[in-house]
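The structure appears right after this line, and notes come after that.
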Amino acid sequence: MNENYNLKLKDIYSESLVRDIVLFFFLFMLVLAQKWDNILLLLFPLISFSFAIFFKIIDIIKKRREGDNSQIIYNPLGNEKKHANRLVFCALLQLILLFWFGAESLYHPQLVDNYYIYFISIFIFFYTFGFYWMFLDLWKYSRIEILKEGIEVRDSQIHSKNIENVVSFLKMKNFKIISLISLLIFIILNLLNVFSAILIHFGYMPGINYTLPGSGIEESDPISISFFIYGIIAISPSASIIFLFLNYRDINNINKEKFNKIIDSLPKDVKNKIIENLETLNKKLKFILRLE
């Protein structure tokens with residue numbers, strides 16, 4: 001593997017990446033065609049999808065750098081492919097909901113008020129759930145593992161780990177803390193959203209006027225959304241970034257003694273290849289392990 005790995009556009013290309021981008025922006029253009037004057041709600045699926053693309057690109061680059069014959073499982077962020085697929089799923093559902101609600105405002109504007117609480121509750125649920133979903137099984141995939149048995153067992157060990165070969169993993173205590181906080185954020189944001197929507201609907205709380213594509217048709221008024229919507233759009237991704245950063249930092253804190261013990265038992269060429277792969281995946285590991 002080339003030590004001076006230069007990332008090129010072709011290195012991040014994959015059919016699944018193109019498929020997700022085309023599908024997302026096809027639905028996104030359908031929503032835009034409804035002429036939403038206020039893009040606030042459109043930012044929700046865009047944020048979810050941006051995170052999905054980030055994880056998908058990381059997964060593609062990591063596989064390119066590891067190569068087909070890598071004897072390392074390097075997952076400091078968990079399973080990036082699963083993160084991406086889950087967030088794409090939630091982003092597409094958000095777009096479908098937006099398209100449906102926009103269409104309802106155009107063709108049945110008199111019924112929008114009746115649907116609003118259900119729409120905003122489900123919409124925010126899928127937005128927040130996408131970020132919470134990432135951490136449900138983070139402990140299962142977050143690790144650095146040396147495949148001593150050889151590359152033929154790689155596929156079978158992607159989803160299960162041989163603890164003897166794991167040089168770094170997400171501690172159960174840290175996983176419980178991350179899971180608990182992410183669950184609390186998910187529940188609190190959704191309860192806050194539902195309760196504020198109900199209070200606004202019955203006139204007990206002021207809201208922000210939000211123009212829909214069909215607002216004004218048959219003298220229909222804009223809907224009122226909660227001020228909390230600005231906090232909701234920022235809190236879930238911000239918390240996820242913090243959790244992933246902490247996880248990344250902990251996973252890259254390798255047990256040097258165990259690592260040296262594992263690779264010293266391997267043939268020299270295999271040992272050198274593992275070291276080279278680690279340096280390619282994360283150059284900082286070279287200094288952490290003093291491998292230079």
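We name chains A, B, ... following the order of the structure tokens; residues begin at 1 in each chain, and ligands are numbered from 1 as shown.
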Per-residue nearest contacts of range 114-226 of chain A to range 242-246 of chain A (10 Å; only C-alpha atoms) as JSON lines:
```
{"residue": "A:Met134", "atom": "CA", "partner": "A:Leu244", "partner_atom": "CA", "distance": 9.7}
{"residue": "A:Phe135", "atom": "CA", "partner": "A:Phe243", "partner_atom": "CA", "distance": 8.9}
{"residue": "A:Leu138", "atom": "CA", "partner": "A:Leu244", "partner_atom": "CA", "distance": 9.7}
{"residue": "A:Asn174", "atom": "CA", "partner": "A:Leu246", "partner_atom": "CA", "distance": 9.2}
{"residue": "A:Phe175", "atom": "CA", "partner": "A:Phe243", "partner_atom": "CA", "distance": 9.7}
{"residue": "A:Ile177", "atom": "CA", "partner": "A:Phe243", "partner_atom": "CA", "distance": 9.8}
{"residue": "A:Ile178", "atom": "CA", "partner": "A:Phe243", "partner_atom": "CA", "distance": 6.6}
{"residue": "A:Ser179", "atom": "CA", "partner": "A:Phe243", "partner_atom": "CA", "distance": 9.5}
{"residue": "A:Ile181", "atom": "CA", "partner": "A:Phe243", "partner_atom": "CA", "distance": 9.5}
{"residue": "A:Ser182", "atom": "CA", "partner": "A:Phe243", "partner_atom": "CA", "distance": 8.7}
```
Which of range 58-236 of chain A DSSP labels helix (DSSP H, G or I), written as a VMD selection string
chain A and resid 58 to 66 80 to 107 109 to 133 138 to 141 151 to 157 163 to 165 172 to 201 217 to 219 229 to 236
Identify, with DSSP run on backbone atoms, the residues in range 83-199 of chain A assigned to strand (DSSP E), and express the list as a PyMOL selection string.
chain A and resi 143-146+166-169
Keeping only N, CA and C atoms, write the selected residues as a PDB file, in the first residue's frame.
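Result saved to again04.pdb:
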```pdb
ATOM      1  N   ARG A 143     -14.155  -0.628  17.295  1.00  0.00           N
ATOM      2  CA  ARG A 143     -12.973  -1.343  17.774  1.00  0.00           C
ATOM      3  C   ARG A 143     -11.853  -1.269  16.742  1.00  0.00           C
ATOM      4  N   ILE A 144     -10.658  -1.621  17.202  1.00  0.00           N
ATOM      5  CA  ILE A 144      -9.527  -1.888  16.318  1.00  0.00           C
ATOM      6  C   ILE A 144      -9.095  -3.315  16.614  1.00  0.00           C
ATOM      7  N   GLU A 145      -9.130  -4.142  15.587  1.00  0.00           N
ATOM      8  CA  GLU A 145      -8.850  -5.566  15.775  1.00  0.00           C
ATOM      9  C   GLU A 145      -7.849  -6.048  14.737  1.00  0.00           C
ATOM     10  N   ILE A 146      -6.913  -6.870  15.186  1.00  0.00           N
ATOM     11  CA  ILE A 146      -5.935  -7.488  14.302  1.00  0.00           C
ATOM     12  C   ILE A 146      -6.415  -8.898  13.971  1.00  0.00           C
ATOM     13  N   VAL A 166      -8.438  -7.905  19.844  1.00  0.00           N
ATOM     14  CA  VAL A 166      -8.905  -6.521  19.889  1.00  0.00           C
ATOM     15  C   VAL A 166      -7.937  -5.688  20.715  1.00  0.00           C
ATOM     16  N   VAL A 167      -7.383  -4.647  20.106  1.00  0.00           N
ATOM     17  CA  VAL A 167      -6.420  -3.797  20.806  1.00  0.00           C
ATOM     18  C   VAL A 167      -7.059  -2.510  21.311  1.00  0.00           C
ATOM     19  N   SER A 168      -8.282  -2.251  20.891  1.00  0.00           N
ATOM     20  CA  SER A 168      -9.014  -1.091  21.398  1.00  0.00           C
ATOM     21  C   SER A 168     -10.494  -1.283  21.102  1.00  0.00           C
ATOM     22  N   PHE A 169     -11.343  -0.913  22.061  1.00  0.00           N
ATOM     23  CA  PHE A 169     -12.778  -1.067  21.871  1.00  0.00           C
ATOM     24  C   PHE A 169     -13.507  -0.062  22.752  1.00  0.00           C
TER      25      PHE A 169
END
```
Distance query Ile274 in chain A at most 9 Å, only C-alpha atoms, self and fewer than 6 positions along chain excluded, as a list in words
Ser70, Gln71, Ile72, Ile146 and Ile263 of chain A
Write a file of the selected residues as a compact mmCIF listing (two decimals), in the first residue's frame, keeping C-alpha atoms.
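Okay, selection_27.txt is ready:
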```txt
# COMPACT_ATOMS: atom_id res chain seq x y z
CA SER A 70 -6.21 -5.99 5.06
CA GLN A 71 -5.80 -7.82 8.34
CA ILE A 72 -7.20 -4.91 10.34
CA ILE A 146 -5.93 -7.49 14.30
CA ILE A 263 2.02 -8.37 16.01
```
Between CA of Asn79 in chain A and CA of Asp137 in chain A - distance in Å to one decimal
9.1 Å
So what do you get for CA of Asn252 in chain A versus CA of Ile60 in chain A, distance-wise?
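The value is 19.7 Å.
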Just how far from CA of Lys176 in chain A is CA of Ala91 in chain A, in Å to one decimal?
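So the two atoms, CA of Ala91 in chain A and CA of Lys176 in chain A, lie 26.5 Å apart.
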Which neighbours of Ile232 in chain A fall inside 12 Å, counting only C-alpha atoms, when residues of the same chain fewer than 5 positions from it are skipped, and could you give them as number ranges by chain?
A: 40-41, 43-44, 47, 120, 123-125, 127-129, 131, 185-194, 226-227, 237-239
Selection: 12 Å around Leu87 in chain A, only C-alpha atoms, excl. self and same-chain fewer than 4 positions, as number ranges by chain:
A: 20, 24, 44-56, 80-83, 91-94, 126-134, 237
